[in-house]
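Next up, structure32.cif (mmCIF, C-alpha atoms and all ligand atoms):
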data_protein
#
loop_
_atom_site.label_atom_id
_atom_site.label_comp_id
_atom_site.auth_asym_id
_atom_site.auth_seq_id
_atom_site.Cartn_x
_atom_site.Cartn_y
_atom_site.Cartn_z
CA MET C 1 0.00 0.00 0.00
CA SER C 2 1.52 3.31 -1.02
CA ARG C 3 1.50 6.33 1.17
CA PRO C 4 -0.82 9.13 0.16
CA ARG C 5 0.69 12.19 -1.44
CA THR C 6 -0.93 14.29 1.20
CA GLY C 7 0.97 12.55 3.99
CA ARG C 8 3.45 15.38 4.25
CA ALA C 9 6.14 15.56 6.84
CA PHE C 10 5.04 16.03 10.41
CA VAL C 11 5.29 19.61 11.55
CA ALA C 12 4.38 19.05 15.17
CA PRO C 13 6.99 20.35 17.60
CA THR C 14 9.04 17.59 19.16
CA VAL C 15 8.51 16.97 22.83
CA GLY C 16 11.08 14.79 24.57
CA LEU C 17 9.53 11.34 24.54
CA ALA C 18 12.66 9.23 24.46
CA LEU C 19 11.64 7.58 27.70
CA MET C 20 8.42 6.35 26.18
CA LEU C 21 9.94 5.02 22.98
CA PRO C 22 10.57 1.41 24.08
CA LEU C 23 6.99 1.18 25.32
CA VAL C 24 5.63 2.59 22.08
CA LEU C 25 7.57 0.16 19.92
CA ALA C 26 6.46 -2.78 22.03
CA VAL C 27 2.88 -1.61 21.77
CA ALA C 28 3.10 -1.16 18.03
CA ALA C 29 4.40 -4.71 17.66
CA ALA C 30 1.60 -6.02 19.84
CA GLY C 31 -0.85 -4.12 17.67
CA VAL C 32 0.35 -5.94 14.57
CA ILE C 33 -0.10 -9.30 16.27
CA ALA C 34 -3.58 -8.35 17.40
CA CYS C 35 -4.51 -7.29 13.86
CA GLY C 36 -7.78 -8.66 12.55
CA GLY C 37 -9.65 -8.27 15.81
CA GLU C 38 -12.77 -6.27 16.55
CA ALA C 39 -14.09 -3.74 14.05
CA ALA C 40 -11.75 -4.65 11.19
CA ASP C 41 -13.77 -7.52 9.71
CA ASP C 42 -16.57 -5.85 7.79
CA GLY C 43 -14.37 -5.34 4.74
CA ARG C 44 -14.55 -1.57 4.96
CA LEU C 45 -11.55 0.69 5.29
CA GLN C 46 -10.66 1.46 8.89
CA VAL C 47 -10.01 5.16 9.43
CA VAL C 48 -8.89 6.47 12.81
CA ALA C 49 -8.99 10.22 13.46
CA SER C 50 -7.52 11.93 16.50
CA THR C 51 -10.56 14.05 17.37
CA ALA C 52 -14.28 13.49 16.90
CA PHE C 53 -14.72 16.53 14.65
CA LEU C 54 -12.05 15.19 12.28
CA ALA C 55 -13.76 11.80 12.37
CA ASP C 56 -17.04 13.50 11.46
CA MET C 57 -15.43 15.23 8.48
CA ALA C 58 -13.82 11.96 7.36
CA ARG C 59 -17.18 10.17 7.64
CA ASN C 60 -18.76 12.78 5.42
CA VAL C 61 -16.12 12.15 2.75
CA ALA C 62 -15.85 8.37 3.11
CA GLY C 63 -19.57 7.65 3.25
CA GLU C 64 -20.23 3.92 3.52
CA ARG C 65 -16.79 2.90 2.32
CA ALA C 66 -15.02 3.32 5.66
CA ALA C 67 -15.60 2.78 9.34
CA VAL C 68 -14.33 5.93 11.06
CA THR C 69 -13.48 6.14 14.75
CA SER C 70 -11.81 8.78 16.89
CA LEU C 71 -9.24 8.46 19.65
CA ILE C 72 -9.60 11.49 21.91
CA PRO C 73 -12.64 11.20 24.18
CA SER C 74 -15.36 13.85 24.08
CA GLY C 75 -14.60 16.76 26.39
CA THR C 76 -10.88 15.97 26.52
CA ASP C 77 -8.53 18.74 25.51
CA PRO C 78 -6.39 17.52 22.57
CA HIS C 79 -3.55 19.94 23.42
CA VAL C 80 -2.81 17.94 26.57
CA PHE C 81 -4.12 14.54 25.47
CA GLN C 82 -1.82 11.70 26.50
CA PRO C 83 -2.28 8.59 24.38
CA THR C 84 -2.32 5.19 26.06
CA PRO C 85 -1.12 1.86 24.64
CA SER C 86 -4.68 1.05 23.56
CA HIS C 87 -4.83 4.24 21.46
CA LEU C 88 -1.68 3.14 19.68
CA ARG C 89 -3.05 -0.35 19.11
CA GLU C 90 -6.06 1.25 17.44
CA THR C 91 -3.88 3.27 15.07
CA ALA C 92 -1.73 0.20 14.31
CA ARG C 93 -4.84 -1.51 12.89
CA ALA C 94 -5.97 1.45 10.79
CA ASP C 95 -5.78 1.83 7.01
CA LEU C 96 -5.53 5.60 7.47
CA VAL C 97 -4.81 7.80 10.48
CA VAL C 98 -6.04 11.41 10.36
CA LEU C 99 -4.53 14.04 12.61
CA ASN C 100 -5.18 17.77 12.65
CA GLY C 101 -1.44 18.42 12.86
CA ALA C 102 0.23 21.82 13.25
CA GLY C 103 1.03 20.85 16.83
CA LEU C 104 -2.53 20.24 18.08
CA GLU C 105 -2.05 16.62 19.14
CA SER C 106 1.66 16.98 19.81
CA GLN C 107 2.08 13.96 22.07
CA LEU C 108 0.03 11.65 19.87
CA ALA C 109 1.85 12.82 16.73
CA ASP C 110 5.23 12.21 18.33
CA MET C 111 4.26 8.72 19.48
CA LEU C 112 2.90 7.78 16.06
CA ARG C 113 6.04 9.03 14.40
CA GLU C 114 8.20 7.00 16.74
CA ALA C 115 6.03 3.90 16.37
CA ARG C 116 6.30 4.03 12.55
CA GLY C 117 3.33 1.77 11.96
CA ASP C 118 2.23 0.71 8.46
CA ALA C 119 -0.83 2.94 8.28
CA PRO C 120 -0.47 6.20 6.38
CA VAL C 121 -0.76 9.17 8.72
CA ILE C 122 -2.06 12.42 7.26
CA GLU C 123 -2.40 15.86 8.78
CA ALA C 124 -5.64 17.50 7.74
CA ALA C 125 -4.11 20.96 8.16
CA ALA C 126 -1.17 20.18 5.84
CA GLY C 127 -0.52 22.97 3.36
CA LEU C 128 -2.48 25.67 5.20
CA GLU C 129 -0.68 28.92 5.96
CA PRO C 130 -0.51 29.58 9.72
CA ARG C 131 -1.71 33.00 10.84
CA THR C 132 0.42 35.48 12.74
CA PRO C 133 -1.12 37.27 15.73
CA ARG C 134 -2.68 40.66 14.93
CA PRO C 135 -1.52 43.84 16.64
CA GLY C 136 -3.17 44.07 20.06
CA GLU C 137 -3.67 40.33 20.39
CA PRO C 138 -2.21 38.57 23.40
CA ALA C 139 1.40 37.81 22.57
CA HIS C 140 3.11 34.64 23.64
CA GLU C 141 6.77 35.48 23.73
CA GLY C 142 7.92 33.28 26.54
CA GLU C 143 6.65 35.39 29.44
CA SER C 144 4.44 32.62 30.75
CA GLY C 145 6.05 30.11 33.05
CA GLY C 146 7.13 26.70 31.81
CA ASP C 147 6.47 27.48 28.19
CA ASP C 148 8.86 25.47 26.06
CA HIS C 149 7.10 26.11 22.73
CA ALA C 150 7.35 29.87 22.61
CA GLU C 151 10.96 30.18 21.48
CA ASP C 152 10.46 28.12 18.35
CA GLY C 153 7.38 30.12 17.36
CA GLU C 154 4.12 28.38 18.04
CA VAL C 155 1.89 27.55 15.10
CA ASP C 156 -1.80 28.19 15.70
CA PRO C 157 -3.39 24.80 14.94
CA HIS C 158 -7.08 25.92 15.11
CA PHE C 159 -7.60 26.25 11.33
CA TRP C 160 -10.86 24.29 11.45
CA LEU C 161 -12.68 27.11 13.26
CA ASP C 162 -12.81 28.86 9.86
CA PRO C 163 -15.03 26.61 7.70
CA THR C 164 -13.44 27.93 4.51
CA LEU C 165 -10.13 26.53 5.79
CA ALA C 166 -11.88 23.30 6.79
CA VAL C 167 -12.58 22.90 3.07
CA SER C 168 -8.86 22.21 2.72
CA TYR C 169 -9.12 19.53 5.43
CA VAL C 170 -11.85 17.87 3.38
CA THR C 171 -9.88 17.87 0.14
CA THR C 172 -6.80 16.52 1.96
CA MET C 173 -8.90 13.67 3.38
CA ARG C 174 -10.53 13.05 0.00
CA ASP C 175 -7.17 12.76 -1.77
CA ALA C 176 -5.79 10.42 0.91
CA LEU C 177 -8.85 8.15 0.64
CA ILE C 178 -8.56 8.05 -3.15
CA GLU C 179 -4.89 7.13 -2.82
CA ILE C 180 -5.54 4.13 -0.58
CA ASP C 181 -8.85 3.12 -2.21
CA PRO C 182 -8.87 4.20 -5.88
CA ALA C 183 -12.01 2.16 -6.58
CA GLY C 184 -13.95 4.64 -4.44
CA ALA C 185 -12.58 7.76 -6.14
CA ASP C 186 -15.87 8.87 -7.72
CA GLU C 187 -17.78 8.38 -4.49
CA TYR C 188 -15.18 10.27 -2.44
CA ARG C 189 -15.25 13.15 -4.92
CA ARG C 190 -19.04 13.34 -4.89
CA ASN C 191 -19.24 13.15 -1.11
CA ALA C 192 -16.54 15.78 -0.64
CA GLU C 193 -18.20 18.16 -3.08
CA ALA C 194 -21.55 17.89 -1.31
CA TYR C 195 -19.96 18.40 2.10
CA VAL C 196 -17.92 21.39 0.92
CA GLY C 197 -21.22 22.92 -0.18
CA GLU C 198 -22.48 22.53 3.39
CA LEU C 199 -19.30 24.17 4.73
CA HIS C 200 -19.80 27.19 2.51
CA GLU C 201 -23.39 27.43 3.70
CA LEU C 202 -22.13 27.26 7.31
CA ASP C 203 -19.66 30.06 6.54
CA ARG C 204 -22.44 32.31 5.24
CA TRP C 205 -24.59 31.53 8.28
CA ILE C 206 -21.81 32.40 10.74
CA ALA C 207 -21.07 35.68 8.93
CA ALA C 208 -24.75 36.63 9.10
CA GLN C 209 -24.88 35.82 12.83
CA ILE C 210 -21.77 37.84 13.67
CA ALA C 211 -23.19 40.74 11.69
CA THR C 212 -25.95 41.01 14.31
CA ILE C 213 -23.37 42.03 16.97
CA ALA C 214 -22.71 45.77 17.24
CA PRO C 215 -19.32 46.50 15.59
CA ASP C 216 -17.80 47.82 18.84
CA ASP C 217 -18.77 44.64 20.66
CA ARG C 218 -17.13 42.26 18.17
CA GLN C 219 -14.28 41.49 20.54
CA LEU C 220 -13.32 38.33 22.37
CA VAL C 221 -11.40 37.25 25.43
CA MET C 222 -10.58 33.56 25.06
CA ASN C 223 -9.29 31.09 27.63
CA HIS C 224 -6.46 30.25 25.21
CA VAL C 225 -5.96 31.91 21.82
CA SER C 226 -8.11 29.42 19.91
CA HIS C 227 -10.23 31.68 17.71
CA GLY C 228 -7.65 33.49 15.59
CA TYR C 229 -8.74 32.06 12.23
CA TYR C 230 -12.40 32.47 13.20
CA ALA C 231 -11.79 36.07 14.22
CA ASP C 232 -9.91 36.80 10.99
CA ARG C 233 -12.72 35.35 8.90
CA TYR C 234 -15.62 37.07 10.64
CA GLY C 235 -14.17 40.41 11.67
CA LEU C 236 -13.79 39.88 15.41
CA ARG C 237 -10.88 41.10 17.54
CA ILE C 238 -9.18 38.93 20.14
CA VAL C 239 -8.29 41.45 22.83
CA GLY C 240 -7.06 39.07 25.50
CA ALA C 241 -6.63 35.49 26.66
CA VAL C 242 -6.40 33.91 30.08
CA ILE C 243 -3.63 31.68 28.72
CA PRO C 244 -1.69 33.93 26.33
CA GLY C 245 -0.84 31.19 23.84
CA VAL C 246 -2.33 28.98 21.14
CA SER C 247 -2.21 25.87 23.36
CA SER C 248 -4.18 25.37 26.54
CA GLY C 249 -1.28 23.37 27.96
CA GLU C 250 0.48 26.51 29.19
CA THR C 251 0.26 28.44 32.44
CA PRO C 252 -0.31 32.20 32.70
CA SER C 253 1.82 34.24 35.08
CA ALA C 254 0.40 36.58 37.73
CA ARG C 255 1.46 39.46 35.48
CA ASP C 256 -0.45 37.97 32.49
CA LEU C 257 -3.60 37.84 34.63
CA ALA C 258 -3.19 41.37 35.99
CA GLU C 259 -2.73 42.63 32.42
CA LEU C 260 -5.86 40.80 31.34
CA VAL C 261 -7.94 42.45 34.07
CA ALA C 262 -6.67 45.84 32.87
CA THR C 263 -7.46 44.90 29.23
CA VAL C 264 -11.00 43.80 30.09
CA ARG C 265 -11.62 47.15 31.83
CA ALA C 266 -10.03 49.20 29.05
CA THR C 267 -11.82 47.51 26.13
CA GLY C 268 -15.25 46.96 27.67
CA VAL C 269 -15.24 43.41 26.26
CA LYS C 270 -18.38 41.61 27.35
CA ALA C 271 -17.38 37.98 27.94
CA ILE C 272 -14.65 35.37 28.39
CA PHE C 273 -15.03 32.20 26.33
CA VAL C 274 -13.76 28.88 27.65
CA ASP C 275 -13.76 25.49 25.94
CA ILE C 276 -15.74 22.77 27.67
CA GLY C 277 -12.56 20.69 28.08
CA GLU C 278 -10.65 23.45 29.86
CA ASP C 279 -10.53 24.45 33.50
CA PRO C 280 -12.73 27.56 33.77
CA GLY C 281 -11.27 28.55 37.16
CA LEU C 282 -8.99 31.40 36.08
CA GLY C 283 -11.55 32.73 33.61
CA ARG C 284 -14.13 32.86 36.39
CA GLN C 285 -11.64 34.64 38.63
CA ILE C 286 -11.04 37.33 35.96
CA ALA C 287 -14.77 37.64 35.38
CA GLY C 288 -15.41 37.93 39.11
CA GLU C 289 -12.94 40.80 39.33
CA THR C 290 -14.29 42.64 36.31
CA GLY C 291 -17.99 41.76 36.38
CA ILE C 292 -18.13 40.29 32.86
CA GLU C 293 -19.72 37.03 31.77
CA VAL C 294 -18.01 33.63 31.45
CA VAL C 295 -19.22 31.33 28.69
CA ASP C 296 -17.62 28.02 29.63
CA ASP C 297 -19.27 25.58 27.25
CA LEU C 298 -17.69 26.44 23.93
CA ARG C 299 -16.94 23.43 21.75
CA VAL C 300 -13.54 24.36 20.38
CA HIS C 301 -11.97 20.93 19.97
CA SER C 302 -14.56 18.31 20.79
CA LEU C 303 -18.06 17.27 19.84
CA SER C 304 -20.96 16.59 22.17
CA GLU C 305 -22.65 13.24 22.49
CA PRO C 306 -25.32 12.62 19.82
CA GLY C 307 -28.27 14.93 20.49
CA GLY C 308 -26.13 17.20 22.66
CA GLY C 309 -26.30 20.14 20.25
CA ALA C 310 -22.76 19.85 18.91
CA ALA C 311 -22.54 16.28 17.70
CA THR C 312 -21.06 17.12 14.29
CA TYR C 313 -18.41 19.55 13.12
CA ILE C 314 -21.07 21.79 11.58
CA GLU C 315 -23.21 21.72 14.74
CA MET C 316 -20.11 22.50 16.81
CA LEU C 317 -19.45 25.72 14.90
CA ARG C 318 -23.12 26.67 15.01
CA HIS C 319 -23.19 26.05 18.78
CA ASP C 320 -20.10 28.19 19.40
CA THR C 321 -21.35 30.97 17.16
CA GLN C 322 -24.67 31.03 18.97
CA ARG C 323 -22.94 31.23 22.35
CA ILE C 324 -20.69 34.05 21.11
CA VAL C 325 -23.58 36.00 19.63
CA GLU C 326 -25.74 35.58 22.75
CA ALA C 327 -22.96 36.89 24.98
CA LEU C 328 -21.89 39.84 22.81
CA ARG C 329 -25.19 41.09 21.43
ZN ZN U 1 -7.00 24.90 21.39
#
What does this structure look like when you write it as structure tokens?
Ligand SMILES: [Zn+2]
Amino acid sequence: MSRPRTGRAFVAPTVGLALMLPLVLAVAAAGVIACGGEAADDGRLQVVASTAFLADMARNVAGERAAVTSLIPSGTDPHVFQPTPSHLRETARADLVVLNGAGLESQLADMLREARGDAPVIEAAAGLEPRTPRPGEPAHEGESGGDDHAEDGEVDPHFWLDPTLAVSYVTTMRDALIEIDPAGADEYRRNAEAYVGELHELDRWIAAQIATIAPDDRQLVMNHVSHGYYADRYGLRIVGAVIPGVSSGETPSARDLAELVATVRATGVKAIFVDIGEDPGLGRQIAGETGIEVVDDLRVHSLSEPGGGAATYIEMLRHDTQRIVEALR
């Protein structure tokens, strides 16, 4: 089986995992032996995605031709997700592994790279141009304690929060599926085209929703700087962040927090937005000091259970947009 063209080099920053390497290799070997168990017997391709929203996108492209599962449990923050041996066994059995990439699932990406299983691994964000923070946005230049990513310039991995960039995820997945399953090419192309149509419709809907917020109130304080691409697309300003970085796995300093309180007062921003997988404690503390609202159920990286209002990628962006509009209007 040849590797898909789209399986470009990993760009995730390396975290020291040398200690885990022997374990990973042993696990990968065990995974090969265990091959042919569970879900793999229905003749369909087995696709494993890191997050549920990537799995949902892949399902939309693959249709009936693949069984798609995801690794990171609902409500778990992918920035700090630590894979277990069973997660690696699941990827060892897969025909295709889909990551977001750009440093989102840094520990999982490193372990997969070290394990060097047979399955092609693609990064859905491959080829997208990372944004640079706008003037006035919270900077992350190594002031926060224990931050070992800042020196090498952190890439913002949250491309998917702009549905027009998610279109690129879909075409990357489509091309990878065609590469490993050429017999399904027509179906993958049809499915992808229909789904891209839905993404463009979602984009128009979000723009119309944001347009209902008064221009002066189109500003955000995030728990971590997750909404850069979203803000760029829909004309919002990110004026502050509890964690002044693009990963929630960092820790703000006392000075960062004092500056944020001053920023909230100076800008008149109306709310702080926290992902459901993050600790809302510091955000609540800032809100308590400044009297603004905390919205702590954004779905930035993970879907809800079915029927929970954010069970698909499209529902997730609609949910978040509704929460943002309710708080800022
Ligand atoms: Zn994030």
| Which value, in Å to one decimal, gives the distance between atom CA of Gln209 of chain C and atom CA of Arg323 of chain C? |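 Between these atoms lies a distance of 10.7 Å.
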For atom CA of Ile122 of chain C and atom CA of Leu96 of chain C, determine how far apart the two atoms are, in Å to one decimal place.
->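 According to the coordinates, atom CA of Ile122 of chain C and atom CA of Leu96 of chain C are separated by 7.7 Å.
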- Message: 10 Å from ligand ZN 1 (chain U) is the threshold here; counting only C-alpha atoms and all ligand atoms, which polymer residues fall inside it? Answer as number ranges by chain.
- Response: C: 77-80, 104-105, 156-158, 223-227, 245-249, 275, 277-278, 300-301
task: Measure the distance from atom CA of Leu45 of chain C to atom CA of Arg65 of chain C in Å and round it to one decimal.
output: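 Those two atoms sit 6.4 Å apart.
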- Counting only C-alpha atoms, which of C:His319, C:Arg233, C:Arg116, C:Arg265 gets nearest to Arg131 of chain C?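 That would be C:Arg233, the residue with the smallest distance to Arg131 of chain C.
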Using only C-alpha atoms, the best pick from C:Ala208, C:Leu177, C:Pro138, C:Met111 as closest to Pro252 of chain C would be C:Pro138
With distances taken over all atoms listed in the file, the candidate from C:Ala126, C:Val47, C:Ala109, C:Ile72 nearest Ala94 of chain C is C:Val47
Using all atoms listed in the file, the residue out of C:Ile314, C:Val325, C:Leu112, C:Ala183 with shortest distance to Leu199 of chain C is C:Ile314
Do you know which residues are at most 9 Å from Tyr195 of chain C counting only C-alpha atoms, after dropping those on the same chain fewer than 4 positions away, and could you put them as a PDB file with C-alpha atoms, in the frame of the given file?
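What follows is the written file result_6.pdb:
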ATOM      1  CA  MET C  57     -15.430  15.230   8.480  1.00  0.00           C
ATOM      2  CA  ASN C  60     -18.760  12.780   5.420  1.00  0.00           C
ATOM      3  CA  VAL C  61     -16.120  12.150   2.750  1.00  0.00           C
ATOM      4  CA  VAL C 167     -12.580  22.900   3.070  1.00  0.00           C
ATOM      5  CA  VAL C 170     -11.850  17.870   3.380  1.00  0.00           C
ATOM      6  CA  ARG C 190     -19.040  13.340  -4.890  1.00  0.00           C
ATOM      7  CA  ASN C 191     -19.240  13.150  -1.110  1.00  0.00           C
ATOM      8  CA  LEU C 199     -19.300  24.170   4.730  1.00  0.00           C
ATOM      9  CA  HIS C 200     -19.800  27.190   2.510  1.00  0.00           C
TER      10      HIS C 200
END
- Message: Which residues are close to Val264 of chain C, i.e. within 9 Å by all atoms listed in the file, leaving aside same-chain residues fewer than 3 positions away? Reply as JSON, numbers by chain.
- Response: {"C": [221, 239, 240, 259, 260, 261, 267, 268, 269, 270, 271, 286, 287, 290, 292]}
Among C:Gly307, C:Ala49, C:Gly136, C:Glu326, Glu90 of chain C is approached most closely, using only C-alpha atoms, by C:Ala49
- [ ] Mind listing whatever residues come within 10 Å of the point (-20.2, 28.7, 18.8)? Use all atoms listed in the file, file coordinates, and give them as JSON, numbers by chain.
- [x] {"C": [161, 206, 273, 297, 298, 299, 300, 310, 315, 316, 317, 318, 319, 320, 321, 322, 323, 324, 325, 326]}
Go ahead and write the residues just picked, C-alpha atoms, as a PDB file, in the frame of the given file.
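See out10.pdb below for the written result:
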ATOM      1  CA  LEU C 161     -12.680  27.110  13.260  1.00  0.00           C
ATOM      2  CA  ILE C 206     -21.810  32.400  10.740  1.00  0.00           C
ATOM      3  CA  PHE C 273     -15.030  32.200  26.330  1.00  0.00           C
ATOM      4  CA  ASP C 297     -19.270  25.580  27.250  1.00  0.00           C
ATOM      5  CA  LEU C 298     -17.690  26.440  23.930  1.00  0.00           C
ATOM      6  CA  ARG C 299     -16.940  23.430  21.750  1.00  0.00           C
ATOM      7  CA  VAL C 300     -13.540  24.360  20.380  1.00  0.00           C
ATOM      8  CA  ALA C 310     -22.760  19.850  18.910  1.00  0.00           C
ATOM      9  CA  GLU C 315     -23.210  21.720  14.740  1.00  0.00           C
ATOM     10  CA  MET C 316     -20.110  22.500  16.810  1.00  0.00           C
ATOM     11  CA  LEU C 317     -19.450  25.720  14.900  1.00  0.00           C
ATOM     12  CA  ARG C 318     -23.120  26.670  15.010  1.00  0.00           C
ATOM     13  CA  HIS C 319     -23.190  26.050  18.780  1.00  0.00           C
ATOM     14  CA  ASP C 320     -20.100  28.190  19.400  1.00  0.00           C
ATOM     15  CA  THR C 321     -21.350  30.970  17.160  1.00  0.00           C
ATOM     16  CA  GLN C 322     -24.670  31.030  18.970  1.00  0.00           C
ATOM     17  CA  ARG C 323     -22.940  31.230  22.350  1.00  0.00           C
ATOM     18  CA  ILE C 324     -20.690  34.050  21.110  1.00  0.00           C
ATOM     19  CA  VAL C 325     -23.580  36.000  19.630  1.00  0.00           C
ATOM     20  CA  GLU C 326     -25.740  35.580  22.750  1.00  0.00           C
TER      21      GLU C 326
END
